[in-house]
Structure formats: structure tokens, C-alpha cells
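Structure data follow from model-v6.cif (mmCIF, C-alpha atoms; chains and numbers go by the auth columns):
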data_coords
loop_
_atom_site.group_PDB
_atom_site.id
_atom_site.type_symbol
_atom_site.label_atom_id
_atom_site.label_comp_id
_atom_site.label_asym_id
_atom_site.label_seq_id
_atom_site.Cartn_x
_atom_site.Cartn_y
_atom_site.Cartn_z
_atom_site.B_iso_or_equiv
_atom_site.auth_seq_id
_atom_site.auth_asym_id
ATOM 1 C CA MET A 1 45.529 24.090 2.690 0.00 946 I
ATOM 2 C CA ILE A 2 48.002 26.974 3.106 0.00 947 I
ATOM 3 C CA GLN A 3 45.879 28.232 5.990 0.00 948 I
ATOM 4 C CA GLU A 4 46.011 24.816 7.664 0.00 949 I
ATOM 5 C CA ALA A 5 49.782 24.580 7.181 0.00 950 I
ATOM 6 C CA GLY A 6 50.574 28.126 8.241 0.00 951 I
ATOM 7 C CA PHE A 7 53.051 28.612 5.393 0.00 952 I
ATOM 8 C CA ARG A 8 53.285 28.575 1.615 0.00 953 I
ATOM 9 C CA PRO A 9 55.182 25.490 0.401 0.00 954 I
ATOM 10 C CA ARG A 10 58.280 25.665 -1.721 0.00 955 I
ATOM 11 C CA TRP A 11 57.694 22.119 -2.940 0.00 956 I
ATOM 12 C CA ILE A 12 54.865 19.613 -3.208 0.00 957 I
ATOM 13 C CA ILE A 13 56.059 16.036 -2.762 0.00 958 I
ATOM 14 C CA GLU A 14 53.747 13.103 -3.441 0.00 959 I
ATOM 15 C CA LEU A 15 54.913 9.835 -1.910 0.00 960 I
ATOM 16 C CA GLY A 16 53.933 6.439 -3.267 0.00 961 I
ATOM 17 C CA SER A 17 54.626 2.923 -2.021 0.00 962 I
ATOM 18 C CA GLY A 18 57.872 2.599 -0.090 0.00 963 I
ATOM 19 C CA PHE A 19 58.403 6.357 0.300 0.00 964 I
ATOM 20 C CA ASP A 20 55.947 7.115 3.112 0.00 965 I
ATOM 21 C CA THR A 21 58.599 6.766 5.816 0.00 966 I
ATOM 22 C CA ALA A 22 60.624 9.568 4.200 0.00 967 I
ATOM 23 C CA ALA A 23 58.309 12.184 5.718 0.00 968 I
ATOM 24 C CA GLN A 24 58.284 10.622 9.174 0.00 969 I
ATOM 25 C CA SER A 25 61.836 11.738 9.987 0.00 970 I
ATOM 26 C CA LEU A 26 61.197 15.391 9.106 0.00 971 I
ATOM 27 C CA SER A 27 60.010 18.289 11.222 0.00 972 I
ATOM 28 C CA VAL A 28 56.237 18.075 10.851 0.00 973 I
ATOM 29 C CA SER A 29 54.202 21.067 11.959 0.00 974 I
ATOM 30 C CA ARG A 30 50.885 19.344 11.367 0.00 975 I
ATOM 31 C CA SER A 31 49.324 16.300 9.711 0.00 976 I
ATOM 32 C CA VAL A 32 45.884 16.161 8.124 0.00 977 I
ATOM 33 C CA PRO A 33 44.251 12.946 6.857 0.00 978 I
ATOM 34 C CA TYR A 34 42.898 12.904 3.321 0.00 979 I
ATOM 35 C CA SER A 35 39.444 12.187 4.742 0.00 980 I
ATOM 36 C CA GLU A 36 39.333 15.771 6.048 0.00 981 I
ATOM 37 C CA LEU A 37 40.306 17.366 2.721 0.00 982 I
ATOM 38 C CA ALA A 38 37.781 18.102 -0.015 0.00 983 I
ATOM 39 C CA GLY A 39 38.429 16.277 -3.278 0.00 984 I
ATOM 40 C CA PHE A 40 40.867 13.760 -1.808 0.00 985 I
ATOM 41 C CA MET A 41 40.169 10.054 -2.138 0.00 986 I
ATOM 42 C CA ILE A 42 41.324 7.660 0.582 0.00 987 I
ATOM 43 C CA PRO A 43 43.908 5.272 -0.943 0.00 988 I
ATOM 44 C CA THR A 44 43.168 1.560 -0.709 0.00 989 I
ATOM 45 C CA THR A 45 46.590 0.313 -1.827 0.00 990 I
ATOM 46 C CA PRO A 46 48.923 -0.893 0.980 0.00 991 I
ATOM 47 C CA GLY A 47 51.752 1.514 1.764 0.00 992 I
ATOM 48 C CA HIS A 48 49.663 4.633 1.107 0.00 993 I
ATOM 49 C CA SER A 49 48.730 6.207 4.444 0.00 994 I
ATOM 50 C CA GLY A 50 46.485 8.949 3.055 0.00 995 I
ATOM 51 C CA VAL A 51 47.865 11.840 5.109 0.00 996 I
ATOM 52 C CA VAL A 52 49.248 15.281 4.227 0.00 997 I
ATOM 53 C CA ARG A 53 52.257 16.254 6.330 0.00 998 I
ATOM 54 C CA PHE A 54 53.278 19.900 6.475 0.00 999 I
ATOM 55 C CA CYS A 55 57.057 20.028 6.930 0.00 1000 I
ATOM 56 C CA ILE A 56 59.516 22.878 7.348 0.00 1001 I
ATOM 57 C CA GLY A 57 63.260 22.582 6.767 0.00 1002 I
ATOM 58 C CA SER A 58 66.209 24.937 6.518 0.00 1003 I
ATOM 59 C CA ARG A 59 65.660 25.416 2.782 0.00 1004 I
ATOM 60 C CA GLY A 60 61.903 25.948 2.904 0.00 1005 I
ATOM 61 C CA GLY A 61 58.610 24.225 3.541 0.00 1006 I
ATOM 62 C CA ALA A 62 56.979 21.334 1.751 0.00 1007 I
ATOM 63 C CA PHE A 63 53.650 19.580 1.673 0.00 1008 I
ATOM 64 C CA PHE A 64 54.153 15.814 1.718 0.00 1009 I
ATOM 65 C CA LEU A 65 51.176 13.985 0.246 0.00 1010 I
ATOM 66 C CA CYS A 66 51.657 10.535 1.729 0.00 1011 I
ATOM 67 C CA GLY A 67 49.872 8.141 -0.569 0.00 1012 I
ATOM 68 C CA ARG A 68 47.940 8.346 -3.817 0.00 1013 I
ATOM 69 C CA SER A 69 44.964 6.718 -5.475 0.00 1014 I
ATOM 70 C CA HIS A 70 45.239 4.914 -8.801 0.00 1015 I
ATOM 71 C CA LEU A 71 43.163 4.456 -11.911 0.00 1016 I
ATOM 72 C CA TYR A 72 42.935 0.732 -11.198 0.00 1017 I
ATOM 73 C CA GLU A 73 41.248 1.488 -7.859 0.00 1018 I
ATOM 74 C CA GLY A 74 38.407 3.098 -9.773 0.00 1019 I
ATOM 75 C CA THR A 75 39.394 6.619 -8.728 0.00 1020 I
ATOM 76 C CA PRO A 76 38.418 9.302 -11.276 0.00 1021 I
ATOM 77 C CA PHE A 77 41.328 10.710 -13.261 0.00 1022 I
ATOM 78 C CA PHE A 78 40.630 14.235 -11.994 0.00 1023 I
ATOM 79 C CA ASN A 79 40.867 13.263 -8.293 0.00 1024 I
ATOM 80 C CA ILE A 80 44.158 11.427 -8.759 0.00 1025 I
ATOM 81 C CA ALA A 81 45.802 14.638 -9.987 0.00 1026 I
ATOM 82 C CA ASN A 82 45.344 16.661 -6.774 0.00 1027 I
ATOM 83 C CA ALA A 83 49.096 17.078 -6.272 0.00 1028 I
ATOM 84 C CA ALA A 84 49.433 18.988 -9.549 0.00 1029 I
ATOM 85 C CA ARG A 85 46.578 21.331 -8.713 0.00 1030 I
ATOM 86 C CA ILE A 86 47.946 22.002 -5.220 0.00 1031 I
ATOM 87 C CA ALA A 87 51.365 22.819 -6.696 0.00 1032 I
ATOM 88 C CA SER A 88 49.723 25.239 -9.126 0.00 1033 I
ATOM 89 C CA ILE A 89 47.425 26.912 -6.589 0.00 1034 I
ATOM 90 C CA THR A 90 50.202 27.391 -4.015 0.00 1035 I
ATOM 91 C CA ASP A 91 52.669 28.565 -6.676 0.00 1036 I
ATOM 92 C CA ALA A 92 55.190 25.957 -5.515 0.00 1037 I
ATOM 93 C CA GLU A 93 58.582 25.859 -7.231 0.00 1038 I
ATOM 94 C CA GLY A 94 58.181 22.218 -8.128 0.00 1039 I
ATOM 95 C CA LEU A 95 56.265 18.976 -7.795 0.00 1040 I
ATOM 96 C CA LEU A 96 58.221 15.826 -6.963 0.00 1041 I
ATOM 97 C CA LEU A 97 56.501 12.495 -7.619 0.00 1042 I
ATOM 98 C CA CYS A 98 57.845 9.377 -5.903 0.00 1043 I
ATOM 99 C CA SER A 99 56.739 5.891 -6.875 0.00 1044 I
ATOM 100 C CA ALA A 100 57.649 2.259 -6.375 0.00 1045 I
ATOM 101 C CA CYS A 101 58.681 0.736 -9.702 0.00 1046 I
ATOM 102 C CA GLY A 102 59.573 -2.515 -11.358 0.00 1047 I
ATOM 103 C CA GLY A 103 63.095 -2.603 -12.745 0.00 1048 I
ATOM 104 C CA VAL A 104 63.380 -3.262 -16.475 0.00 1049 I
ATOM 105 C CA GLY A 105 66.774 -2.113 -17.712 0.00 1050 I
ATOM 106 C CA PRO A 106 70.046 -3.983 -17.128 0.00 1051 I
ATOM 107 C CA TYR A 107 71.199 -1.457 -14.527 0.00 1052 I
ATOM 108 C CA ALA A 108 68.033 -1.524 -12.391 0.00 1053 I
ATOM 109 C CA GLY A 109 68.604 -3.287 -9.084 0.00 1054 I
ATOM 110 C CA ILE A 110 66.217 -3.750 -6.182 0.00 1055 I
ATOM 111 C CA GLY A 111 66.582 -0.825 -3.790 0.00 1056 I
ATOM 112 C CA ASP A 112 68.009 1.535 -6.411 0.00 1057 I
ATOM 113 C CA ILE A 113 66.500 4.994 -6.766 0.00 1058 I
ATOM 114 C CA HIS A 114 66.031 6.382 -10.258 0.00 1059 I
ATOM 115 C CA LEU A 115 65.503 9.973 -11.319 0.00 1060 I
ATOM 116 C CA PHE A 116 63.621 9.787 -14.589 0.00 1061 I
ATOM 117 C CA ASN A 117 64.350 12.132 -17.460 0.00 1062 I
ATOM 118 C CA ASP A 118 61.522 11.047 -19.758 0.00 1063 I
ATOM 119 C CA VAL A 119 58.293 9.062 -19.923 0.00 1064 I
ATOM 120 C CA ILE A 120 56.719 6.456 -22.187 0.00 1065 I
ATOM 121 C CA ARG A 121 53.005 5.838 -21.724 0.00 1066 I
ATOM 122 C CA PHE A 122 52.414 2.179 -22.452 0.00 1067 I
ATOM 123 C CA PRO A 123 49.589 2.077 -23.417 0.00 1068 I
ATOM 124 C CA PRO A 124 48.696 5.773 -23.487 0.00 1069 I
ATOM 125 C CA HIS A 125 45.702 6.766 -21.372 0.00 1070 I
ATOM 126 C CA ARG A 126 42.918 8.755 -22.991 0.00 1071 I
ATOM 127 C CA TRP A 127 40.761 11.182 -21.042 0.00 1072 I
ATOM 128 C CA SER A 128 37.074 10.347 -21.065 0.00 1073 I
ATOM 129 C CA HIS A 129 34.530 13.152 -21.364 0.00 1074 I
ATOM 130 C CA SER A 130 33.720 12.820 -17.661 0.00 1075 I
ATOM 131 C CA GLU A 131 37.403 13.066 -16.691 0.00 1076 I
ATOM 132 C CA ARG A 132 38.465 15.942 -18.912 0.00 1077 I
ATOM 133 C CA PRO A 133 38.025 19.469 -17.541 0.00 1078 I
ATOM 134 C CA ALA A 134 36.238 21.974 -19.734 0.00 1079 I
ATOM 135 C CA ALA A 135 38.717 23.229 -22.320 0.00 1080 I
ATOM 136 C CA GLU A 136 38.417 26.351 -24.412 0.00 1081 I
ATOM 137 C CA THR A 137 41.273 25.757 -26.821 0.00 1082 I
ATOM 138 C CA PHE A 138 42.828 22.875 -28.699 0.00 1083 I
ATOM 139 C CA HIS A 139 46.019 23.378 -26.663 0.00 1084 I
ATOM 140 C CA ASP A 140 44.091 22.762 -23.425 0.00 1085 I
ATOM 141 C CA ARG A 141 42.873 19.437 -24.788 0.00 1086 I
ATOM 142 C CA MET A 142 46.411 18.383 -25.752 0.00 1087 I
ATOM 143 C CA PRO A 143 48.336 19.313 -22.603 0.00 1088 I
ATOM 144 C CA SER A 144 51.338 16.993 -22.570 0.00 1089 I
ATOM 145 C CA PRO A 145 54.562 18.607 -23.797 0.00 1090 I
ATOM 146 C CA ARG A 146 57.461 16.735 -25.341 0.00 1091 I
ATOM 147 C CA LYS A 147 59.198 16.909 -21.954 0.00 1092 I
ATOM 148 C CA PRO A 148 56.702 16.247 -19.137 0.00 1093 I
ATOM 149 C CA LEU A 149 59.589 16.129 -16.638 0.00 1094 I
ATOM 150 C CA ASN A 150 61.321 19.449 -16.044 0.00 1095 I
ATOM 151 C CA PRO A 151 65.120 19.199 -16.488 0.00 1096 I
ATOM 152 C CA HIS A 152 65.879 22.219 -14.292 0.00 1097 I
ATOM 153 C CA PHE A 153 63.854 20.905 -11.367 0.00 1098 I
ATOM 154 C CA SER A 154 65.328 17.438 -11.931 0.00 1099 I
ATOM 155 C CA ASN A 155 68.800 18.987 -11.661 0.00 1100 I
ATOM 156 C CA ALA A 156 67.781 20.539 -8.337 0.00 1101 I
ATOM 157 C CA VAL A 157 66.680 17.095 -7.122 0.00 1102 I
ATOM 158 C CA THR A 158 70.034 15.675 -8.245 0.00 1103 I
ATOM 159 C CA ASP A 159 71.888 18.370 -6.302 0.00 1104 I
ATOM 160 C CA ALA A 160 69.812 17.676 -3.179 0.00 1105 I
ATOM 161 C CA ALA A 161 70.521 13.946 -3.470 0.00 1106 I
ATOM 162 C CA ARG A 162 74.228 14.642 -3.840 0.00 1107 I
ATOM 163 C CA ARG A 163 74.237 16.754 -0.675 0.00 1108 I
ATOM 164 C CA ALA A 164 72.437 13.937 1.154 0.00 1109 I
ATOM 165 C CA GLU A 165 74.852 11.378 -0.334 0.00 1110 I
ATOM 166 C CA VAL A 166 72.015 9.475 -2.005 0.00 1111 I
ATOM 167 C CA ALA A 167 72.944 7.759 -5.263 0.00 1112 I
ATOM 168 C CA LEU A 168 70.558 8.311 -8.164 0.00 1113 I
ATOM 169 C CA ASN A 169 70.377 6.508 -11.487 0.00 1114 I
ATOM 170 C CA ASN A 170 68.884 8.166 -14.548 0.00 1115 I
ATOM 171 C CA GLY A 171 66.542 6.619 -17.053 0.00 1116 I
ATOM 172 C CA VAL A 172 63.159 6.459 -18.756 0.00 1117 I
ATOM 173 C CA ILE A 173 59.996 5.380 -16.934 0.00 1118 I
ATOM 174 C CA ALA A 174 57.161 3.482 -18.624 0.00 1119 I
ATOM 175 C CA LEU A 175 53.763 4.307 -17.138 0.00 1120 I
ATOM 176 C CA VAL A 176 51.084 1.629 -17.420 0.00 1121 I
ATOM 177 C CA THR A 177 47.534 1.527 -16.095 0.00 1122 I
ATOM 178 C CA GLY A 178 47.713 -1.757 -14.116 0.00 1123 I
ATOM 179 C CA PRO A 179 46.724 -3.492 -11.947 0.00 1124 I
ATOM 180 C CA CYS A 180 48.775 -6.404 -13.224 0.00 1125 I
ATOM 181 C CA TYR A 181 52.363 -7.303 -13.886 0.00 1126 I
ATOM 182 C CA GLU A 182 53.628 -7.104 -17.447 0.00 1127 I
ATOM 183 C CA THR A 183 53.810 -10.090 -19.760 0.00 1128 I
ATOM 184 C CA ALA A 184 57.178 -11.392 -20.913 0.00 1129 I
ATOM 185 C CA ALA A 185 56.557 -9.871 -24.346 0.00 1130 I
ATOM 186 C CA GLU A 186 55.722 -6.472 -22.835 0.00 1131 I
ATOM 187 C CA ILE A 187 58.856 -6.537 -20.689 0.00 1132 I
ATOM 188 C CA GLU A 188 60.979 -7.358 -23.728 0.00 1133 I
ATOM 189 C CA ALA A 189 59.319 -4.531 -25.669 0.00 1134 I
ATOM 190 C CA LEU A 190 60.083 -2.084 -22.853 0.00 1135 I
ATOM 191 C CA ARG A 191 63.708 -3.219 -22.740 0.00 1136 I
ATOM 192 C CA ARG A 192 64.038 -2.633 -26.474 0.00 1137 I
ATOM 193 C CA LEU A 193 62.632 0.860 -25.934 0.00 1138 I
ATOM 194 C CA ASP A 194 65.488 1.459 -23.452 0.00 1139 I
ATOM 195 C CA VAL A 195 63.103 1.776 -20.498 0.00 1140 I
ATOM 196 C CA SER A 196 64.746 1.440 -17.093 0.00 1141 I
ATOM 197 C CA ALA A 197 61.625 0.998 -14.931 0.00 1142 I
ATOM 198 C CA VAL A 198 57.855 0.607 -15.095 0.00 1143 I
ATOM 199 C CA SER A 199 55.119 1.950 -12.811 0.00 1144 I
ATOM 200 C CA MET A 200 51.317 1.890 -12.544 0.00 1145 I
ATOM 201 C CA SER A 201 51.271 5.375 -10.986 0.00 1146 I
ATOM 202 C CA CYS A 202 51.711 9.084 -11.721 0.00 1147 I
ATOM 203 C CA ASP A 203 50.451 9.450 -15.303 0.00 1148 I
ATOM 204 C CA PRO A 204 47.310 11.438 -14.339 0.00 1149 I
ATOM 205 C CA VAL A 205 49.372 13.789 -12.168 0.00 1150 I
ATOM 206 C CA LEU A 206 51.953 14.307 -14.915 0.00 1151 I
ATOM 207 C CA LYS A 207 49.245 15.162 -17.440 0.00 1152 I
ATOM 208 C CA GLN A 208 47.596 17.660 -15.104 0.00 1153 I
ATOM 209 C CA ALA A 209 50.939 19.197 -14.128 0.00 1154 I
ATOM 210 C CA ALA A 210 51.762 19.708 -17.805 0.00 1155 I
ATOM 211 C CA ARG A 211 48.393 21.354 -18.398 0.00 1156 I
ATOM 212 C CA LEU A 212 48.954 23.708 -15.452 0.00 1157 I
ATOM 213 C CA GLY A 213 52.600 24.465 -16.232 0.00 1158 I
ATOM 214 C CA VAL A 214 53.947 22.922 -13.015 0.00 1159 I
ATOM 215 C CA ALA A 215 57.645 21.991 -13.010 0.00 1160 I
ATOM 216 C CA THR A 216 57.730 18.277 -12.211 0.00 1161 I
ATOM 217 C CA ALA A 217 60.376 15.672 -11.422 0.00 1162 I
ATOM 218 C CA MET A 218 59.926 11.977 -10.707 0.00 1163 I
ATOM 219 C CA LEU A 219 61.802 9.524 -8.498 0.00 1164 I
ATOM 220 C CA GLY A 220 61.275 5.779 -8.586 0.00 1165 I
ATOM 221 C CA GLY A 221 62.393 3.172 -6.090 0.00 1166 I
ATOM 222 C CA ILE A 222 62.994 -0.252 -7.633 0.00 1167 I
ATOM 223 C CA ALA A 223 60.830 -2.623 -5.583 0.00 1168 I
ATOM 224 C CA ASN A 224 61.084 -5.677 -7.830 0.00 1169 I
ATOM 225 C CA ILE A 225 62.510 -6.761 -11.159 0.00 1170 I
ATOM 226 C CA ALA A 226 59.912 -6.925 -13.929 0.00 1171 I
ATOM 227 C CA GLY A 227 59.160 -10.548 -14.710 0.00 1172 I
ATOM 228 C CA GLN A 228 60.138 -11.543 -11.164 0.00 1173 I
ATOM 229 C CA PRO A 229 57.236 -10.145 -9.073 0.00 1174 I
ATOM 230 C CA GLY A 230 57.988 -12.373 -6.096 0.00 1175 I
ATOM 231 C CA LYS A 231 61.591 -11.208 -5.834 0.00 1176 I
ATOM 232 C CA ARG A 232 61.852 -8.122 -3.609 0.00 1177 I
#
What would you get if you wrote out this structure as C-alpha cells?
Amino acid sequence: MIQEAGFRPRWIIELGSGFDTAAQSLSVSRSVPYSELAGFMIPTTPGHSGVVRFCIGSRGGAFFLCGRSHLYEGTPFFNIANAARIASITDAEGLLLCSACGGVGPYAGIGDIHLFNDVIRFPPHRWSHSERPAAETFHDRMPSPRKPLNPHFSNAVTDAARRAEVALNNGVIALVTGPCYETAAEIEALRRLDVSAVSMSCDPVLKQAARLGVATAMLGGIANIAGQPGKR
């Protein structure tokens, strides 16, 4: 992929629903559809274009992965985590995950952007034998650290948002498998856990990034309020 781009990326940025247009206003040297890249699955969820855009800015280059596949689409866990492996192979400084979310906390409003400082897996996903890479040590089989989101890289994202005059809220993201909205009882449970937003995306990538030692940050755009799926 570095050969196709013509440069080594400083960042890998994976864009979910609602974020695809962010890469369209940047200086793009080349775009490659997922269908031409080995190991990439073509997303079937609306708002995921399935294209890698190679972009260069004044502060460095980035690979924008526009769209992702999800567990609920039947995509194998391993294939969903391509962004983490690309960040590791290219020795990128950081991996930024962007996802549409449902607002849960009292300060989550539609259109707000949240920078998450921690994760709750609800319910936690377990690797199956077919999904889990061969591991030689117990540590390899238990990859997730106490802090899957890197505070130093998150601070860099905060600084970039401040320069761009983009307001960010902080909070905790609950990652669920989907593909369904949460019940009233689940939403209440998440509120009591002080969760600010919920998403059906990114857990496989976070797990793989932790296993590979990739510094990761996560942004979420509030697309709806949990319990009010029709309100956008």
C-alpha cells in the first residue's frame, strides 16, 4: 500500500458512517477501492464507500480508509481489523477510528463529536478459534490493555481539533455487536455506567491495535439519541 501511495503515512484514519465526506475536501494523491486490495471486504452498510484515499497535508500524509465492515454483516473478525494491521506495518504514529454513535449521556446531542477516553464492551466479544491468529504466549491471547485508547495520541487529536476550531466532548464509548438498537433497560444500564455514547463498530480494530501496540484514538459523531432511533 505504501508503494501505491508513494509515501509512508503518519496516520491511519478509518472513517465510519457520517465521516466519509471528511476525506473529500483534502488533497488526495490517489484513491483505490477496497475491491482492488487483498484482504479487504467491501462494506454493505450505507455511508461506507469502501475506498482508500491517500492524502498529503502540511503536517504529513495519511491513509483514509473510507468505510468499514462489521461483525453483523458476517465479516470475519480478522478482516475487520485491517486498519490496525496497516498502522502497524507502515509504522504510523497513530490510528484514528471515527464512528457514528448513539448518544446516551445527558450531554450527548445530535451532531456533537466525542473523543472517547475509555471503552466498555457490552457485551464483550470473544474470539472464535477461526478468528484468533496463532498465538505463542498467554499475553498474545489476552491482548487488550486496561487503556485501549492512547491518551497521548488522544491529546494530539484534541490539539488538532482546537486548531481547526472543532469542539470535542470527552466520554466513554460502549461497543456492542449489533445490528439492533438497545432496549430501554440496556440504555438505562449504560447511563448508570456513565457511558456517553454507544456504537456497533470498532471493537475488532481496537483489539487488534492493542495486540500490535498501535497508538489508537477514537472519535464518535452523535447521529441519534439512544432510545430515539428515528430522531436524527
>> What would the selection look like, as a PyMOL selection string, if the PyMOL selection byres ((chain I and resi 1004-1016) around 9) were run on the coordinates I just shared?
In response: chain I and resi 950+952-962+964-966+968+979+985-990+992-1003+1017-1022+1024-1025+1028+1037+1122-1124+1145-1147+1149
> Rounded to one decimal in Å, what is the spacing between CA of Ala1142 (chain I) and CA of Arg1156 (chain I)?
Replying inline: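 For CA of Ala1142 (chain I) relative to CA of Arg1156 (chain I), the distance reads 24.5 Å.
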>> Using all atoms listed in the file, can you tell me which of I:Ala1112, I:Leu1138, I:Glu1038, I:Ala1106 comes closest to Thr1161 (chain I)?
In response: I:Glu1038
>> as a list of chain:residue names, please: the residues near region 1091-1099 of chain I (cut-off 7 Å, all atoms listed in the file, same-chain neighbours under 4 positions excluded).
In response: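 Neighbouring residues, sequence-local ones excluded: I:Gly1039, I:Asn1062, I:Asp1063, I:Thr1103, I:Leu1151, I:Ala1155, I:Ala1160, I:Thr1161, I:Ala1162.
For the pair CA of Leu1113 (chain I) and CA of Ile1055 (chain I), the interatomic distance is 13.0 Å.
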> What residues come out when you apply the PyMOL selection byres ((chain I and resi 1115) around 9) to this file, written as a list in words?
Replying inline: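 Given this file, the PyMOL selection byres ((chain I and resi 1115) around 9) evaluates to Ile1058, His1059, Leu1060, Phe1061, Asn1062, Leu1113, Asn1114, Gly1116, Val1117 and Ser1141 of chain I.
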> Applied to the shown file, which residues does the PyMOL selection byres ((chain I and resi 1054) around 10) return, written as a VMD selection string?
Replying inline: chain I and resid 1047 to 1053 1055 to 1058 1166 to 1170 1177
>> Rounded to one decimal, what separation in Å do you get between CA of Ala1101 (chain I) and CA of Phe1023 (chain I)?
In response: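 CA of Phe1023 (chain I) lies at a distance of 28.1 Å from CA of Ala1101 (chain I).
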